[in-house]
>>> print(open('start00.pdb').read())   # PDB, C-alpha atoms
ATOM      1  CA  MET A  11     -11.313  50.760 -68.272
ATOM      2  CA  VAL A  12     -15.015  49.967 -68.131
ATOM      3  CA  ASP A  13     -17.185  52.302 -66.021
ATOM      4  CA  ILE A  14     -18.668  49.743 -63.604
ATOM      5  CA  SER A  15     -21.290  52.239 -62.390
ATOM      6  CA  ARG A  16     -22.842  52.127 -65.886
ATOM      7  CA  LEU A  17     -22.708  48.354 -66.253
ATOM      8  CA  ASP A  18     -26.007  46.452 -66.267
ATOM      9  CA  LEU A  19     -25.694  43.854 -63.505
ATOM     10  CA  ASN A  20     -27.996  41.549 -65.463
ATOM     11  CA  LEU A  21     -25.010  40.961 -67.739
ATOM     12  CA  ILE A  22     -23.316  39.099 -64.879
ATOM     13  CA  THR A  23     -26.193  36.623 -64.801
ATOM     14  CA  THR A  24     -25.883  36.148 -68.556
ATOM     15  CA  PHE A  25     -22.117  35.639 -68.307
ATOM     16  CA  LEU A  26     -22.497  32.959 -65.627
ATOM     17  CA  ALA A  27     -25.234  31.197 -67.586
ATOM     18  CA  LEU A  28     -22.958  31.055 -70.644
ATOM     19  CA  TRP A  29     -20.069  29.925 -68.446
ATOM     20  CA  GLU A  30     -22.031  26.993 -67.074
ATOM     21  CA  GLU A  31     -24.033  26.036 -70.182
ATOM     22  CA  ARG A  32     -21.392  26.742 -72.869
ATOM     23  CA  SER A  33     -24.301  27.328 -75.245
ATOM     24  CA  VAL A  34     -26.256  30.428 -76.229
ATOM     25  CA  SER A  35     -29.459  28.439 -76.733
ATOM     26  CA  ARG A  36     -29.213  26.606 -73.386
ATOM     27  CA  ALA A  37     -28.298  29.840 -71.584
ATOM     28  CA  ALA A  38     -31.319  31.538 -73.158
ATOM     29  CA  LYS A  39     -33.605  28.696 -72.036
ATOM     30  CA  ARG A  40     -32.174  28.830 -68.516
ATOM     31  CA  LEU A  41     -32.700  32.591 -68.317
ATOM     32  CA  SER A  42     -36.139  32.467 -70.013
ATOM     33  CA  LEU A  43     -34.830  34.809 -72.715
ATOM     34  CA  SER A  44     -34.614  34.631 -76.503
ATOM     35  CA  GLN A  45     -31.346  33.590 -78.141
ATOM     36  CA  SER A  46     -31.100  37.019 -79.739
ATOM     37  CA  ALA A  47     -31.352  38.679 -76.301
ATOM     38  CA  VAL A  48     -28.538  36.510 -74.948
ATOM     39  CA  SER A  49     -26.442  37.203 -78.058
ATOM     40  CA  ALA A  50     -27.003  40.936 -77.567
ATOM     41  CA  SER A  51     -25.924  40.664 -73.909
ATOM     42  CA  LEU A  52     -22.820  38.732 -74.953
ATOM     43  CA  ALA A  53     -21.952  41.522 -77.370
ATOM     44  CA  ARG A  54     -22.196  44.063 -74.555
ATOM     45  CA  LEU A  55     -20.077  41.845 -72.294
ATOM     46  CA  ARG A  56     -17.394  41.583 -74.980
ATOM     47  CA  GLU A  57     -17.376  45.349 -75.401
ATOM     48  CA  ALA A  58     -17.116  45.931 -71.632
ATOM     49  CA  ALA A  59     -14.321  43.355 -71.189
ATOM     50  CA  ASP A  60     -12.592  44.201 -74.469
ATOM     51  CA  ASP A  61     -12.339  40.468 -75.111
ATOM     52  CA  SER A  62     -14.243  37.785 -77.024
ATOM     53  CA  LEU A  63     -14.941  35.946 -73.706
ATOM     54  CA  PHE A  64     -16.664  32.985 -75.394
ATOM     55  CA  VAL A  65     -15.612  31.515 -78.749
ATOM     56  CA  ARG A  66     -17.887  29.234 -80.775
ATOM     57  CA  THR A  67     -16.355  25.762 -81.362
ATOM     58  CA  ARG A  68     -17.697  22.321 -82.200
ATOM     59  CA  GLY A  69     -17.844  21.597 -78.481
ATOM     60  CA  GLY A  70     -19.850  24.736 -77.730
ATOM     61  CA  MET A  71     -18.996  28.235 -76.530
ATOM     62  CA  GLN A  72     -15.519  27.935 -75.028
ATOM     63  CA  PRO A  73     -14.307  30.590 -72.569
ATOM     64  CA  THR A  74     -11.194  32.612 -73.282
ATOM     65  CA  LEU A  75      -8.465  33.113 -70.681
ATOM     66  CA  ARG A  76     -10.082  36.448 -69.834
ATOM     67  CA  ALA A  77     -13.445  34.748 -69.202
ATOM     68  CA  ILE A  78     -11.786  32.071 -67.060
ATOM     69  CA  ALA A  79     -10.217  34.796 -64.902
ATOM     70  CA  MET A  80     -13.536  36.610 -64.558
ATOM     71  CA  ALA A  81     -15.776  33.647 -63.712
ATOM     72  CA  GLU A  82     -14.956  33.097 -60.039
ATOM     73  CA  PRO A  83     -14.960  36.789 -58.995
ATOM     74  CA  LEU A  84     -18.280  37.338 -60.779
ATOM     75  CA  ARG A  85     -19.844  34.246 -59.184
ATOM     76  CA  GLY A  86     -18.688  35.391 -55.752
ATOM     77  CA  GLY A  87     -19.902  38.943 -56.336
ATOM     78  CA  LEU A  88     -23.349  37.786 -57.432
ATOM     79  CA  THR A  89     -23.596  35.595 -54.332
ATOM     80  CA  LEU A  90     -22.753  38.571 -52.103
ATOM     81  CA  ILE A  91     -25.385  40.713 -53.820
ATOM     82  CA  HIS A  92     -27.998  37.963 -53.438
ATOM     83  CA  THR A  93     -27.123  37.541 -49.751
ATOM     84  CA  ALA A  94     -27.350  41.282 -49.103
ATOM     85  CA  PHE A  95     -30.888  41.442 -50.467
ATOM     86  CA  SER A  96     -32.226  38.143 -49.146
ATOM     87  CA  THR A  97     -30.806  37.946 -45.633
ATOM     88  CA  VAL A  98     -32.672  39.671 -42.810
ATOM     89  CA  THR A  99     -30.922  39.690 -39.451
ATOM     90  CA  ALA A 100     -33.493  38.630 -36.896
ATOM     91  CA  PHE A 101     -33.707  40.608 -33.665
ATOM     92  CA  ASP A 102     -32.666  38.377 -30.778
ATOM     93  CA  PRO A 103     -33.660  39.930 -27.430
ATOM     94  CA  THR A 104     -31.391  37.553 -25.503
ATOM     95  CA  THR A 105     -28.235  38.884 -27.162
ATOM     96  CA  SER A 106     -29.194  42.331 -28.486
ATOM     97  CA  ARG A 107     -27.675  45.468 -26.953
ATOM     98  CA  GLN A 108     -30.169  47.756 -28.660
ATOM     99  CA  HIS A 109     -31.470  50.869 -26.932
ATOM    100  CA  PHE A 110     -35.080  51.983 -27.323
ATOM    101  CA  SER A 111     -36.643  55.339 -26.528
ATOM    102  CA  ILE A 112     -40.383  55.376 -25.826
ATOM    103  CA  GLY A 113     -42.411  58.566 -25.641
ATOM    104  CA  MET A 114     -45.397  58.609 -23.283
ATOM    105  CA  SER A 115     -47.070  60.879 -20.755
ATOM    106  CA  ASP A 116     -46.385  60.197 -17.100
ATOM    107  CA  ASP A 117     -49.716  58.402 -16.540
ATOM    108  CA  PHE A 118     -48.549  55.693 -18.963
ATOM    109  CA  GLN A 119     -45.043  55.730 -17.506
ATOM    110  CA  ILE A 120     -46.538  55.034 -14.065
ATOM    111  CA  ALA A 121     -48.830  52.265 -15.324
ATOM    112  CA  ILE A 122     -46.839  50.337 -17.917
ATOM    113  CA  GLY A 123     -43.275  51.653 -17.641
ATOM    114  CA  PRO A 124     -42.336  49.300 -14.765
ATOM    115  CA  LEU A 125     -43.900  46.326 -16.564
ATOM    116  CA  ILE A 126     -41.831  47.041 -19.664
ATOM    117  CA  ALA A 127     -38.644  47.452 -17.621
ATOM    118  CA  ARG A 128     -39.218  44.176 -15.749
ATOM    119  CA  ARG A 129     -39.931  42.331 -19.007
ATOM    120  CA  LEU A 130     -36.657  43.571 -20.470
ATOM    121  CA  ALA A 131     -34.730  42.609 -17.341
ATOM    122  CA  LYS A 132     -36.136  39.084 -17.598
ATOM    123  CA  GLU A 133     -36.006  38.438 -21.344
ATOM    124  CA  ALA A 134     -33.551  40.991 -22.773
ATOM    125  CA  SER A 135     -31.101  41.923 -20.036
ATOM    126  CA  ARG A 136     -28.771  43.798 -22.402
ATOM    127  CA  VAL A 137     -31.523  45.849 -24.020
ATOM    128  CA  SER A 138     -32.048  49.285 -22.456
ATOM    129  CA  VAL A 139     -34.913  51.741 -22.619
ATOM    130  CA  THR A 140     -35.512  55.440 -22.027
ATOM    131  CA  PHE A 141     -38.980  56.748 -21.247
ATOM    132  CA  ARG A 142     -39.418  60.241 -22.669
ATOM    133  CA  GLN A 143     -42.121  62.637 -21.530
ATOM    134  CA  ALA A 144     -44.470  63.043 -24.482
ATOM    135  CA  ASN A 145     -48.111  63.541 -25.382
ATOM    136  CA  THR A 146     -50.242  63.633 -28.523
ATOM    137  CA  HIS A 147     -49.081  67.149 -29.360
ATOM    138  CA  ARG A 148     -45.342  66.455 -28.953
ATOM    139  CA  VAL A 149     -44.835  63.014 -30.485
ATOM    140  CA  GLU A 150     -44.586  64.237 -34.072
ATOM    141  CA  ALA A 151     -41.666  66.523 -33.276
ATOM    142  CA  LEU A 152     -39.943  63.817 -31.226
ATOM    143  CA  PHE A 153     -40.228  61.322 -34.087
ATOM    144  CA  GLU A 154     -38.942  63.876 -36.597
ATOM    145  CA  THR A 155     -35.816  64.569 -34.523
ATOM    146  CA  GLY A 156     -35.221  60.872 -33.895
ATOM    147  CA  GLU A 157     -35.613  61.237 -30.123
ATOM    148  CA  ILE A 158     -38.121  58.381 -29.806
ATOM    149  CA  ASP A 159     -38.612  54.997 -31.479
ATOM    150  CA  PHE A 160     -42.163  54.372 -30.226
ATOM    151  CA  ALA A 161     -44.895  56.376 -28.553
ATOM    152  CA  VAL A 162     -47.884  55.409 -26.433
ATOM    153  CA  VAL A 163     -50.598  58.030 -26.738
ATOM    154  CA  ALA A 164     -54.287  58.524 -26.184
ATOM    155  CA  GLN A 165     -56.446  59.254 -29.240
ATOM    156  CA  PRO A 166     -53.564  60.142 -31.562
ATOM    157  CA  ASN A 167     -53.885  62.260 -34.672
ATOM    158  CA  VAL A 168     -51.710  60.232 -37.028
ATOM    159  CA  ARG A 169     -49.809  62.043 -39.762
ATOM    160  CA  SER A 170     -48.484  60.465 -42.929
ATOM    161  CA  GLY A 171     -45.404  58.347 -42.257
ATOM    162  CA  LEU A 172     -46.343  57.178 -38.774
ATOM    163  CA  GLN A 173     -47.782  53.707 -38.194
ATOM    164  CA  LEU A 174     -50.501  53.091 -35.590
ATOM    165  CA  GLN A 175     -51.676  50.084 -33.624
ATOM    166  CA  GLU A 176     -54.532  50.428 -31.135
ATOM    167  CA  ILE A 177     -53.698  48.392 -28.020
ATOM    168  CA  GLY A 178     -56.752  49.047 -25.855
ATOM    169  CA  ARG A 179     -58.958  51.622 -24.210
ATOM    170  CA  SER A 180     -58.852  53.554 -20.963
ATOM    171  CA  GLY A 181     -60.992  56.009 -19.034
ATOM    172  CA  TYR A 182     -61.063  57.907 -15.753
ATOM    173  CA  ALA A 183     -61.397  57.087 -12.059
ATOM    174  CA  CYS A 184     -61.073  58.800  -8.702
ATOM    175  CA  LEU A 185     -58.188  58.421  -6.266
ATOM    176  CA  LEU A 186     -58.628  59.313  -2.616
ATOM    177  CA  ASP A 187     -58.087  58.413   1.055
ATOM    178  CA  PRO A 188     -61.635  57.387   2.149
ATOM    179  CA  VAL A 189     -60.758  57.458   5.862
ATOM    180  CA  ALA A 190     -59.393  60.986   5.677
ATOM    181  CA  CYS A 191     -62.361  62.010   3.523
ATOM    182  CA  ASP A 192     -64.743  60.435   6.087
ATOM    183  CA  LEU A 193     -67.052  58.888   3.517
ATOM    184  CA  THR A 194     -68.301  55.500   2.365
ATOM    185  CA  LEU A 195     -67.901  54.305  -1.199
ATOM    186  CA  PRO A 196     -69.284  54.307  -3.833
ATOM    187  CA  LEU A 197     -68.654  57.993  -4.288
ATOM    188  CA  THR A 198     -71.824  59.996  -4.880
ATOM    189  CA  LEU A 199     -72.004  63.183  -6.909
ATOM    190  CA  THR A 200     -72.853  65.099  -3.729
ATOM    191  CA  ASP A 201     -69.748  63.790  -1.958
ATOM    192  CA  TYR A 202     -67.655  64.400  -5.056
ATOM    193  CA  LEU A 203     -68.691  68.040  -5.253
ATOM    194  CA  SER A 204     -68.197  68.570  -1.507
ATOM    195  CA  LEU A 205     -64.572  67.434  -1.589
ATOM    196  CA  PRO A 206     -61.643  69.684  -2.465
ATOM    197  CA  HIS A 207     -60.115  68.547  -5.767
ATOM    198  CA  LEU A 208     -56.555  68.078  -6.922
ATOM    199  CA  LEU A 209     -56.239  68.919 -10.604
ATOM    200  CA  VAL A 210     -53.550  67.404 -12.809
ATOM    201  CA  SER A 211     -53.248  69.405 -16.004
ATOM    202  CA  PHE A 212     -50.425  70.624 -18.206
ATOM    203  CA  SER A 213     -51.953  74.098 -18.163
ATOM    204  CA  GLY A 214     -52.758  73.857 -14.450
ATOM    205  CA  ARG A 215     -56.157  75.449 -15.078
ATOM    206  CA  GLU A 216     -58.895  72.999 -15.981
ATOM    207  CA  GLY A 217     -59.528  69.552 -17.395
ATOM    208  CA  ILE A 218     -62.138  67.139 -18.730
ATOM    209  CA  VAL A 219     -63.884  67.009 -15.332
ATOM    210  CA  ASP A 220     -64.622  70.732 -15.385
ATOM    211  CA  GLN A 221     -66.282  70.502 -18.797
ATOM    212  CA  ALA A 222     -68.354  67.470 -17.762
ATOM    213  CA  LEU A 223     -69.535  69.207 -14.588
ATOM    214  CA  LYS A 224     -70.312  72.378 -16.511
ATOM    215  CA  ASP A 225     -72.552  70.379 -18.849
ATOM    216  CA  LEU A 226     -74.414  69.132 -15.752
ATOM    217  CA  GLY A 227     -74.692  72.633 -14.304
ATOM    218  CA  HIS A 228     -72.099  72.039 -11.584
ATOM    219  CA  SER A 229     -68.557  73.089 -10.773
ATOM    220  CA  ARG A 230     -65.860  71.873  -8.399
ATOM    221  CA  ARG A 231     -63.432  73.565  -6.052
ATOM    222  CA  VAL A 232     -59.852  72.962  -7.115
ATOM    223  CA  GLN A 233     -57.630  73.180  -4.079
ATOM    224  CA  SER A 234     -54.283  72.467  -5.774
ATOM    225  CA  ALA A 235     -53.146  72.003  -9.359
ATOM    226  CA  LEU A 236     -50.241  69.775 -10.404
ATOM    227  CA  THR A 237     -48.589  69.119 -13.736
ATOM    228  CA  ASN A 238     -47.852  65.393 -13.278
ATOM    229  CA  PHE A 239     -49.680  62.409 -11.832
ATOM    230  CA  SER A 240     -46.738  60.897  -9.966
ATOM    231  CA  ALA A 241     -46.877  63.706  -7.382
ATOM    232  CA  LEU A 242     -50.466  62.940  -6.351
ATOM    233  CA  PRO A 243     -50.037  60.418  -3.452
ATOM    234  CA  PRO A 244     -48.351  62.804  -0.962
ATOM    235  CA  PHE A 245     -51.091  65.340  -1.631
ATOM    236  CA  LEU A 246     -53.886  62.799  -1.023
ATOM    237  CA  ILE A 247     -52.667  60.565   1.822
ATOM    238  CA  GLY A 248     -54.316  61.665   5.069
ATOM    239  CA  THR A 249     -56.031  64.538   3.279
ATOM    240  CA  ARG A 250     -59.675  65.282   2.638
ATOM    241  CA  ALA A 251     -59.370  65.638  -1.143
ATOM    242  CA  VAL A 252     -59.976  63.738  -4.352
ATOM    243  CA  ALA A 253     -58.230  63.518  -7.724
ATOM    244  CA  THR A 254     -59.705  62.350 -11.015
ATOM    245  CA  LEU A 255     -57.220  60.827 -13.410
ATOM    246  CA  PRO A 256     -56.773  58.088 -16.024
ATOM    247  CA  ILE A 257     -57.711  54.699 -14.574
ATOM    248  CA  HIS A 258     -54.413  53.042 -15.461
ATOM    249  CA  ALA A 259     -52.463  55.652 -13.478
ATOM    250  CA  ALA A 260     -54.932  55.652 -10.573
ATOM    251  CA  GLN A 261     -54.662  51.871 -10.223
ATOM    252  CA  SER A 262     -50.854  51.942 -10.240
ATOM    253  CA  LEU A 263     -50.600  54.814  -7.754
ATOM    254  CA  ALA A 264     -53.074  53.102  -5.405
ATOM    255  CA  ALA A 265     -50.976  49.921  -5.452
ATOM    256  CA  VAL A 266     -47.911  51.712  -4.070
ATOM    257  CA  SER A 267     -49.563  54.284  -1.800
ATOM    258  CA  GLY A 268     -52.491  52.582  -0.064
ATOM    259  CA  LEU A 269     -54.946  55.059  -1.555
ATOM    260  CA  THR A 270     -58.291  53.843  -2.938
ATOM    261  CA  VAL A 271     -59.531  53.862  -6.525
ATOM    262  CA  CYS A 272     -63.233  54.225  -7.227
ATOM    263  CA  ALA A 273     -65.483  55.045 -10.145
ATOM    264  CA  ALA A 274     -66.168  58.701 -10.845
ATOM    265  CA  PRO A 275     -69.809  59.715 -10.186
ATOM    266  CA  ILE A 276     -70.011  61.422 -13.600
ATOM    267  CA  ASP A 277     -69.656  60.009 -17.107
ATOM    268  CA  LEU A 278     -66.259  61.013 -18.445
ATOM    269  CA  GLY A 279     -66.265  58.532 -21.326
ATOM    270  CA  ASN A 280     -63.307  56.462 -22.455
ATOM    271  CA  TYR A 281     -60.662  56.711 -25.143
ATOM    272  CA  SER A 282     -58.385  54.610 -27.332
ATOM    273  CA  VAL A 283     -54.736  53.991 -26.489
ATOM    274  CA  SER A 284     -52.315  53.364 -29.363
ATOM    275  CA  ILE A 285     -48.685  52.702 -30.166
ATOM    276  CA  LEU A 286     -47.077  54.895 -32.827
ATOM    277  CA  TRP A 287     -43.859  54.178 -34.697
ATOM    278  CA  GLN A 288     -42.072  54.875 -37.966
ATOM    279  CA  ARG A 289     -42.192  52.054 -40.506
ATOM    280  CA  ALA A 290     -38.433  52.171 -41.188
ATOM    281  CA  ALA A 291     -37.567  51.855 -37.487
ATOM    282  CA  ASP A 292     -40.069  49.198 -36.444
ATOM    283  CA  ASN A 293     -39.161  46.434 -34.026
ATOM    284  CA  PRO A 294     -42.104  43.993 -33.730
ATOM    285  CA  TRP A 295     -40.716  42.372 -30.578
ATOM    286  CA  MET A 296     -40.496  45.662 -28.673
ATOM    287  CA  ARG A 297     -43.869  46.726 -29.994
ATOM    288  CA  GLN A 298     -45.343  43.496 -28.614
ATOM    289  CA  VAL A 299     -43.690  44.115 -25.229
ATOM    290  CA  ILE A 300     -45.401  47.521 -25.030
ATOM    291  CA  SER A 301     -48.749  46.087 -26.133
ATOM    292  CA  ASP A 302     -48.519  43.212 -23.629
ATOM    293  CA  ALA A 303     -47.771  45.665 -20.807
ATOM    294  CA  PHE A 304     -50.955  47.610 -21.476
ATOM    295  CA  LEU A 305     -52.953  44.408 -21.932
ATOM    296  CA  ALA A 306     -51.729  43.231 -18.521
ATOM    297  CA  ILE A 307     -53.437  46.152 -16.767
ATOM    298  CA  SER A 308     -56.628  46.075 -18.836
ATOM    299  CA  PRO A 309     -58.531  43.635 -16.530
ATOM    300  CA  ASP A 310     -58.071  46.114 -13.677
ATOM    301  CA  LEU A 311     -59.577  48.851 -15.807
ATOM    302  CA  GLU A 312     -62.703  46.767 -16.359
ATOM    303  CA  ALA A 313     -62.954  46.071 -12.629
ATOM    304  CA  ILE A 314     -63.021  49.800 -11.855
ATOM    305  CA  TYR A 315     -65.709  50.425 -14.477
ATOM    306  CA  SER A 316     -67.922  47.671 -13.054
ATOM    307  CA  GLY A 317     -67.264  48.707  -9.463
TER     308      GLY A 317
END
>>> encode(input="start00.pdb", output="structure tokens")
Amino acid sequence: MVDISRLDLNLITTFLALWEERSVSRAAKRLSLSQSAVSASLARLREAADDSLFVRTRGGMQPTLRAIAMAEPLRGGLTLIHTAFSTVTAFDPTTSRQHFSIGMSDDFQIAIGPLIARRLAKEASRVSVTFRQANTHRVEALFETGEIDFAVVAQPNVRSGLQLQEIGRSGYACLLDPVACDLTLPLTLTDYLSLPHLLVSFSGREGIVDQALKDLGHSRRVQSALTNFSALPPFLIGTRAVATLPIHAAQSLAAVSGLTVCAAPIDLGNYSVSILWQRAADNPWMRQVISDAFLAISPDLEAIYSG
């Protein structure tokens, strides 16, 4: 028996060309090969099949009974191989039941998570999504273990193997209850420093505000420290206090709590926001959904900057 794992699949193409042309010269022309190359391939085919396969007659190369039996299976097999390599199954959000896992910190979950979920409910009702808590330092490990398909991060340090698409920029703003704080906006540096501050930091110790104030020769009084942004509203409503946080999260929290967003009285700069994914697991449609969600809140970011 022939060892099929060692058989050159190009021989199948040569066999079918000879089958249809019944001529070495015409088969060679069809395959853009020399006659000697086709003759050499025929010799290998005969050895593999242990049969003459094609016999030279006045009417051309006539197939043997063995060749006749082989022709249809080989034609069908070559078609299957061609289909396997040429057909790409398109992702159809209306029928797909795919599940996606997106890594992002809770400020992005607050701002764009609901927009993504509503888009899926409207356009891809059978597609589901999990939002995983992640940040720039954790996304690599989450990708390596297969726990996330995409990540939305600020100023990522991309390693080899991860793809990146910048989807916009963000910055910082203040969130407060102006009535409880008994002040008129815009917020001045004097008012800002006089208010107790709520700090949101993974370490619970200090953040970008503290460094910016230190550079100006000032410091703030941190009254309470939290580890996530979603807990801020109950701490701020009816309280004389202020929090400084990413604009996208401040805007979203204000919309559901009645708190007010205003520009910070110090320059905290801005930063890029990007989507990360692995090339082998890309889904352009889902990536566009994430990008569109961030784009949808971008006009509000500009309004805070200008205000």
>>> atom_distance(input="start00.pdb", atom1="CA of Leu152 (chain A)", atom2="CA of Arg297 (chain A)")
17.6 Å
>>> residues_around(input="start00.pdb", residues="Ser301 (chain A)", least_positions_apart="5", cutoff="10 Å", atoms="all atoms listed in the file", output="PDB file with C-alpha atoms, in the frame of the given file")
ATOM      1  CA  ILE A 122     -46.839  50.337 -17.917  1.00  0.00           C
ATOM      2  CA  ILE A 126     -41.831  47.041 -19.664  1.00  0.00           C
ATOM      3  CA  VAL A 162     -47.884  55.409 -26.433  1.00  0.00           C
ATOM      4  CA  GLN A 175     -51.676  50.084 -33.624  1.00  0.00           C
ATOM      5  CA  GLU A 176     -54.532  50.428 -31.135  1.00  0.00           C
ATOM      6  CA  ILE A 177     -53.698  48.392 -28.020  1.00  0.00           C
ATOM      7  CA  GLY A 178     -56.752  49.047 -25.855  1.00  0.00           C
ATOM      8  CA  VAL A 283     -54.736  53.991 -26.489  1.00  0.00           C
ATOM      9  CA  SER A 284     -52.315  53.364 -29.363  1.00  0.00           C
ATOM     10  CA  ILE A 285     -48.685  52.702 -30.166  1.00  0.00           C
ATOM     11  CA  TRP A 295     -40.716  42.372 -30.578  1.00  0.00           C
ATOM     12  CA  MET A 296     -40.496  45.662 -28.673  1.00  0.00           C
ATOM     13  CA  ALA A 306     -51.729  43.231 -18.521  1.00  0.00           C
TER      14      ALA A 306
END
>>> closest_residue(input="start00.pdb", among="A:Phe118, A:Phe64, A:Phe101, A:Trp29", to="Ala303 (chain A)", atoms="only C-alpha atoms")
A:Phe118
>>> closest_residue(input="start00.pdb", among="A:Ala50, A:Ile158, A:Ala121, A:Ala79", to="Trp287 (chain A)", atoms="only C-alpha atoms")
A:Ile158
>>> closest_residue(input="start00.pdb", among="A:Asp201, A:Asp117, A:Glu30, A:Glu133", to="Leu242 (chain A)", atoms="all atoms listed in the file")
A:Asp117
>>> closest_residue(input="start00.pdb", among="A:Leu263, A:Leu246, A:Cys191, A:Leu84", to="Asn20 (chain A)", atoms="all atoms listed in the file")
A:Leu84
>>> atom_distance(input="start00.pdb", atom1="CA of Ser111 (chain A)", atom2="CA of Asn280 (chain A)")
27.0 Å
>>> closest_residue(input="start00.pdb", among="A:Lys224, A:Arg85, A:Arg56, A:Arg148", to="Ser115 (chain A)", atoms="all atoms listed in the file")
A:Arg148
>>> closest_residue(input="start00.pdb", among="A:Ala81, A:Leu208, A:Cys184, A:Val65", to="Ile276 (chain A)", atoms="all atoms listed in the file")
A:Cys184
>>> atom_distance(input="start00.pdb", atom1="CA of Val210 (chain A)", atom2="CA of Gly123 (chain A)")
19.4 Å
>>> resolve_selection(input="start00.pdb", expression="the PyMOL selection byres ((chain A and resi 119) around 12)", output="PyMOL selection string")
chain A and resi 112-118+120-127+140-145+161-163+238-240+258-259+262-263+300+303-304
>>> resolve_selection(input="start00.pdb", expression="the PyMOL selection byres ((chain A and resi 204) around 12)", output="ChimeraX atom specification")
/A:191-193,197-203,205-207,228-233,250-252
>>> resolve_selection(input="start00.pdb", expression="the PyMOL selection byres ((chain A and resi 66-74) around 8)", output="NGL selection string")
:A and (28-29 or 32-34 or 62-65 or 75-78)
>>> residues_around(input="start00.pdb", residues="Phe110 (chain A)", least_positions_apart="6", cutoff="7 Å", atoms="only C-alpha atoms", output="compact mmCIF listing (two decimals) with C-alpha atoms, keeping the file's coordinate frame")
# COMPACT_ATOMS: atom_id res chain seq x y z
CA SER A 138 -32.05 49.28 -22.46
CA VAL A 139 -34.91 51.74 -22.62
CA THR A 140 -35.51 55.44 -22.03
CA ASP A 159 -38.61 55.00 -31.48
>>> residues_around(input="start00.pdb", residues="Ala290 (chain A)", least_positions_apart="3", cutoff="10 Å", atoms="all atoms listed in the file", output="count of residues only")
5
